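File shown: final-v6.txt. Contents: compact mmCIF, C-alpha atoms.
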# COMPACT_ATOMS: atom_id res chain seq x y z
CA MET C 1273 0.00 0.00 0.00
CA THR C 1274 2.88 2.40 0.80
CA PHE C 1275 4.39 1.74 -2.63
CA LEU C 1276 1.08 2.59 -4.25
CA LYS C 1277 0.98 5.94 -2.39
CA TYR C 1278 4.45 6.80 -3.71
CA LEU C 1279 3.51 5.73 -7.21
CA VAL C 1280 0.35 7.85 -7.19
CA GLY C 1281 2.22 10.78 -5.64
CA GLY C 1282 4.95 10.53 -8.28
CA ALA C 1283 2.38 10.42 -11.08
CA ILE C 1284 0.61 13.49 -9.66
CA ALA C 1285 3.94 15.36 -9.38
CA LEU C 1286 4.91 14.42 -12.94
CA ALA C 1287 1.52 15.61 -14.21
CA ALA C 1288 1.77 18.85 -12.21
CA ILE C 1289 5.21 19.82 -13.57
CA GLN C 1290 3.81 19.61 -17.10
CA LEU C 1291 2.05 22.92 -16.31
CA ILE C 1292 5.40 24.71 -16.03
CA PRO C 1293 5.90 26.30 -19.46
CA TYR C 1294 9.73 26.49 -19.48
CA GLY C 1295 11.29 24.47 -22.28
CA LYS C 1296 8.15 24.12 -24.37
CA ASN C 1297 8.50 27.10 -26.71
CA HIS C 1298 10.06 25.46 -29.74
CA ASN C 1299 10.07 28.38 -32.12
CA ASN C 1300 13.48 28.51 -33.74
CA PRO C 1301 14.83 32.04 -34.18
CA PRO C 1302 15.45 33.16 -37.76
CA VAL C 1303 18.74 32.42 -39.49
CA THR C 1304 20.54 35.76 -39.77
CA GLY C 1305 23.89 34.61 -41.14
CA GLU C 1306 25.86 31.47 -41.90
CA PRO C 1307 29.58 30.79 -42.15
CA LYS C 1308 31.28 30.12 -45.46
CA TRP C 1309 31.56 26.35 -45.11
CA ASP C 1310 34.54 24.61 -46.68
CA SER C 1311 32.44 21.81 -48.22
CA PRO C 1312 29.00 20.21 -48.42
CA ARG C 1313 30.39 17.23 -46.51
CA THR C 1314 31.24 19.41 -43.50
CA ILE C 1315 27.70 20.78 -43.56
CA GLU C 1316 26.31 17.23 -43.73
CA LEU C 1317 28.36 16.05 -40.75
CA PHE C 1318 27.67 19.24 -38.78
CA ASP C 1319 23.95 18.85 -39.42
CA ARG C 1320 24.01 15.24 -38.19
CA ALA C 1321 26.02 15.83 -35.04
CA CYS C 1322 25.85 19.50 -34.08
CA LYS C 1323 22.99 21.55 -35.54
CA ASP C 1324 20.35 20.80 -32.91
CA CYS C 1325 22.29 22.77 -30.29
CA HIS C 1326 24.52 25.01 -32.41
CA SER C 1327 22.08 26.48 -34.94
CA ASN C 1328 18.61 27.94 -35.18
CA LYS C 1329 17.52 24.84 -37.10
CA THR C 1330 16.88 22.68 -34.05
CA VAL C 1331 14.71 19.62 -34.57
CA TRP C 1332 12.68 19.32 -31.37
CA PRO C 1333 11.83 15.66 -30.63
CA TRP C 1334 8.56 14.75 -28.90
CA TYR C 1335 10.21 14.32 -25.49
CA SER C 1336 11.41 17.94 -25.57
CA SER C 1337 7.83 18.88 -24.63
CA VAL C 1338 7.71 16.67 -21.54
CA ALA C 1339 9.01 18.12 -18.26
CA PRO C 1340 11.58 17.73 -16.76
CA ILE C 1341 13.32 16.56 -19.95
CA SER C 1342 12.04 19.68 -21.73
CA TRP C 1343 13.89 21.83 -19.19
CA LEU C 1344 17.19 20.06 -19.76
CA THR C 1345 16.76 20.14 -23.53
CA GLN C 1346 16.01 23.87 -23.51
CA ILE C 1347 19.04 24.59 -21.30
CA ASP C 1348 21.34 22.55 -23.57
CA VAL C 1349 20.08 24.27 -26.74
CA SER C 1350 20.25 27.74 -25.16
CA LEU C 1351 23.82 27.21 -23.92
CA GLY C 1352 24.89 25.69 -27.23
CA ARG C 1353 23.47 28.58 -29.24
CA ASP C 1354 24.96 31.18 -26.89
CA GLY C 1355 28.48 29.79 -27.27
CA PHE C 1356 28.54 28.80 -30.93
CA ASN C 1357 25.66 29.38 -33.33
CA VAL C 1358 26.19 28.97 -37.06
CA SER C 1359 22.76 30.47 -37.80
CA GLU C 1360 23.75 33.85 -36.38
CA TRP C 1361 27.22 34.00 -37.89
CA GLY C 1362 28.66 37.48 -37.85
CA ARG C 1363 26.72 38.66 -34.79
CA PRO C 1364 28.60 41.14 -32.59
CA GLU C 1365 29.18 38.60 -29.80
CA GLU C 1366 32.07 36.30 -30.57
CA ASN C 1367 31.20 32.85 -31.82
CA GLU C 1368 33.75 30.29 -30.73
CA GLY C 1369 34.13 28.57 -34.07
CA GLU C 1370 37.87 28.19 -33.71
CA LYS C 1371 37.27 25.96 -30.66
CA ALA C 1372 34.77 23.70 -32.42
CA ALA C 1373 37.30 21.29 -33.92
CA GLY C 1374 39.04 20.87 -30.56
CA GLU C 1375 35.78 20.01 -28.83
CA VAL C 1376 35.02 17.31 -31.41
CA ARG C 1377 38.63 16.09 -31.37
CA LYS C 1378 38.57 15.68 -27.57
CA GLY C 1379 35.26 13.82 -27.69
CA LYS C 1380 33.40 16.56 -25.82
CA MET C 1381 31.03 17.14 -28.73
CA PRO C 1382 28.51 15.86 -29.33
CA PRO C 1383 27.98 15.21 -25.60
CA PHE C 1384 27.50 11.60 -24.55
CA ILE C 1385 24.05 12.34 -23.11
CA TYR C 1386 22.83 13.45 -26.56
CA LEU C 1387 23.87 10.30 -28.40
CA PRO C 1388 21.43 7.63 -27.13
CA ALA C 1389 18.41 9.51 -28.51
CA HIS C 1390 20.26 10.75 -31.62
CA LYS C 1391 21.94 7.73 -33.20
CA GLU C 1392 22.67 9.73 -36.37
CA ALA C 1393 24.96 12.02 -34.35
CA LYS C 1394 27.31 9.15 -33.47
CA LEU C 1395 30.20 9.56 -35.88
CA ASN C 1396 32.66 6.81 -36.66
CA ALA C 1397 36.38 7.62 -36.47
CA ALA C 1398 36.66 8.57 -40.15
CA GLU C 1399 33.57 10.82 -40.00
CA LYS C 1400 34.83 12.44 -36.83
CA GLN C 1401 38.15 13.22 -38.50
CA GLU C 1402 36.35 14.56 -41.58
CA LEU C 1403 34.27 16.85 -39.34
CA VAL C 1404 37.35 18.04 -37.46
CA ASN C 1405 39.15 18.78 -40.75
CA GLY C 1406 36.10 20.60 -42.10
CA LEU C 1407 35.67 22.67 -38.94
CA VAL C 1408 39.35 23.64 -39.03
CA ALA C 1409 39.06 24.60 -42.70
CA THR C 1410 35.90 26.62 -42.01
CA PHE C 1411 36.68 28.27 -38.67
CA GLY C 1412 40.37 27.79 -37.99
CA ASP C 1413 41.87 25.95 -35.06
CA LYS C 1414 42.99 28.22 -32.25
CA LYS C 1415 44.38 25.35 -30.19
CA SER C 1416 46.72 23.85 -32.78
CA THR C 1417 47.83 27.00 -34.59
CA GLY C 1418 47.69 29.59 -31.83
CA LYS C 1419 45.74 31.77 -34.27
CA ASN C 1420 42.19 31.76 -35.39
CA LYS C 1421 40.95 32.14 -38.95
CA LYS C 1422 40.28 35.86 -38.49
CA ASP C 1423 43.90 36.42 -37.51
CA LYS C 1424 45.09 34.49 -40.55
CA ASP C 1425 42.88 36.55 -42.84
CA ASN C 1426 44.49 39.74 -41.49
CA ASP C 1427 48.06 38.52 -42.10
Before anything else, please render the file you have as structure tokens.
Amino acid sequence: MTFLKYLVGGAIALAAIQLIPYGKNHNNPPVTGEPKWDSPRTIELFDRACKDCHSNKTVWPWYSSVAPISWLTQIDVSLGRDGFNVSEWGRPEENEGEKAAGEVRKGKMPPFIYLPAHKEAKLNAAEKQELVNGLVATFGDKKSTGKNKKDKDND
């Protein structure tokens, strides 16, 4: 009987948190600029593994409307867009494109928590290297060269 009380209480709590609107507004902002990509293949790999959090072209899965998962999804997308957003390229705030290749190279991107629900984002070793090479060609590689692409363009 005690277990049943907890089960009913948990179900009521889960239903109640659905009334909290945070994380349920899935309107993608407009695309205001895009980088000059080095190749269609880089775009393809970026779209598979990165675009949901690092562009304004997020595909919102069904579970992104169910709290508390919706909260976590919204936070991840907001943080991803704030740090590096290819759909707002050229905005006054600095995009960290030159760090993108390093994050993929180190295995930090895409994050492990994203991969179980997004099998297409799991890149094999060759695809990962292709993406790293494409990101370096597109944005530069601050870590390995000590300079970013903007600095190289000014030389």
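Rounded to one decimal, CA of Arg1377 in chain C and CA of Thr1314 in chain C lie 14.6 Å from each other.
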If you measure from CA of Asn1300 in chain C to CA of Tyr1386 in chain C, what distance in Å do you get, rounded to one decimal? 19.1 Å
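You can rank C:Phe1384, C:Gly1374, C:Val1358, C:Asn1405 by their closest distance to Lys1308 in chain C using all atoms listed in the file, and at the top of that list sits C:Val1358.
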What separates CA of Ala1321 in chain C and CA of Ala1372 in chain C is a distance of 12.1 Å
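Considering the residues C:Asn1297, C:Asn1396, C:Gln1290, C:Asn1328 and counting all atoms listed in the file, Arg1353 in chain C has its shortest atom-to-atom contact with C:Asn1328.
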Pick out the residues sitting within 8 Å of Ile1347 in chain C, and hand them over as an mmCIF file with C-alpha atoms, keeping the file's coordinate frame; count only C-alpha atoms, and ignore anything fewer than 4 positions along from it in its own chain.
data_model
loop_
_atom_site.group_PDB
_atom_site.id
_atom_site.type_symbol
_atom_site.label_atom_id
_atom_site.label_comp_id
_atom_site.auth_asym_id
_atom_site.auth_seq_id
_atom_site.Cartn_x
_atom_site.Cartn_y
_atom_site.Cartn_z
ATOM 1 C CA GLY C 1295 11.290 24.470 -22.280
ATOM 2 C CA TRP C 1343 13.890 21.830 -19.190
ATOM 3 C CA LEU C 1351 23.820 27.210 -23.920
#
Lys1296 in chain C surroundings by only C-alpha atoms, 9 Å radius, close-in-sequence under 4 positions cut, as a CSV table (one decimal) with C-alpha atoms, in the coordinates of the input:
chain,number,residue,atom,x,y,z
C,1292,ILE,CA,5.4,24.7,-16.0
C,1336,SER,CA,11.4,17.9,-25.6
C,1337,SER,CA,7.8,18.9,-24.6
C,1338,VAL,CA,7.7,16.7,-21.5
C,1339,ALA,CA,9.0,18.1,-18.3
C,1342,SER,CA,12.0,19.7,-21.7
C,1343,TRP,CA,13.9,21.8,-19.2
C,1346,GLN,CA,16.0,23.9,-23.5
Nearest to Arg1320 in chain C: which of C:Gly1412, C:Val1303, C:Ala1393, C:Ala1398 is it, counting all atoms listed in the file? C:Ala1393
Pick out the closest residue to Trp1361 in chain C from this set: C:Leu1344, C:Glu1399, C:Asp1319, C:Gly1305. Count all atoms listed in the file. C:Gly1305
Just the residues within 7 Å of Asp1413 in chain C, please, counting all atoms listed in the file, with nothing from its chain fewer than 5 positions along; format it as a PDB file with C-alpha atoms, in the coordinates of the input.
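Wrote it out as result06.pdb, contents follow:
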ATOM      1  CA  GLU C1370      37.870  28.190 -33.710  1.00  0.00           C
ATOM      2  CA  LYS C1371      37.270  25.960 -30.660  1.00  0.00           C
ATOM      3  CA  ALA C1373      37.300  21.290 -33.920  1.00  0.00           C
ATOM      4  CA  VAL C1408      39.350  23.640 -39.030  1.00  0.00           C
ATOM      5  CA  ASN C1420      42.190  31.760 -35.390  1.00  0.00           C
TER       6      ASN C1420
END
Just checking: using all atoms listed in the file, which residue out of C:Pro1307, C:Pro1383, C:Pro1333, C:Pro1340 ends up closest to Asn1357 in chain C? C:Pro1307
Just want the 12 Å neighbourhood of Ala1397 in chain C, counted on all atoms listed in the file, with same-chain residues fewer than 5 positions away dropped. Output as a VMD selection string. chain C and resid 1376 to 1377 1379 1402 to 1404
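Of the residues under consideration (C:Ile1289, C:Leu1317, C:Leu1279, C:Cys1325), C:Ile1289 shows the shortest atom-to-atom contact distance to Ile1341 in chain C when counting all atoms listed in the file.
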Considering only C-alpha atoms, return as number ranges by chain whatever protein or nucleic-acid residues lie within 9 Å of Pro1302 in chain C, sequence-local ones (same chain, fewer than 4 positions apart) excluded. C: 1328-1329, 1359-1360
Restricted to C-alpha atoms, what does range 1324-1353 of chain C look like when written out as a tab-separated table (two decimals), in the first residue's frame?
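Output below, filename selection-v5.tsv:
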chain	number	residue	atom	x	y	z
C	1324	ASP	CA	20.35	20.80	-32.91
C	1325	CYS	CA	22.29	22.77	-30.29
C	1326	HIS	CA	24.52	25.01	-32.41
C	1327	SER	CA	22.08	26.48	-34.94
C	1328	ASN	CA	18.61	27.94	-35.18
C	1329	LYS	CA	17.52	24.84	-37.10
C	1330	THR	CA	16.88	22.68	-34.05
C	1331	VAL	CA	14.71	19.62	-34.57
C	1332	TRP	CA	12.68	19.32	-31.37
C	1333	PRO	CA	11.83	15.66	-30.63
C	1334	TRP	CA	8.56	14.75	-28.90
C	1335	TYR	CA	10.21	14.32	-25.49
C	1336	SER	CA	11.41	17.94	-25.57
C	1337	SER	CA	7.83	18.88	-24.63
C	1338	VAL	CA	7.71	16.67	-21.54
C	1339	ALA	CA	9.01	18.12	-18.26
C	1340	PRO	CA	11.58	17.73	-16.76
C	1341	ILE	CA	13.32	16.56	-19.95
C	1342	SER	CA	12.04	19.68	-21.73
C	1343	TRP	CA	13.89	21.83	-19.19
C	1344	LEU	CA	17.19	20.06	-19.76
C	1345	THR	CA	16.76	20.14	-23.53
C	1346	GLN	CA	16.01	23.87	-23.51
C	1347	ILE	CA	19.04	24.59	-21.30
C	1348	ASP	CA	21.34	22.55	-23.57
C	1349	VAL	CA	20.08	24.27	-26.74
C	1350	SER	CA	20.25	27.74	-25.16
C	1351	LEU	CA	23.82	27.21	-23.92
C	1352	GLY	CA	24.89	25.69	-27.23
C	1353	ARG	CA	23.47	28.58	-29.24
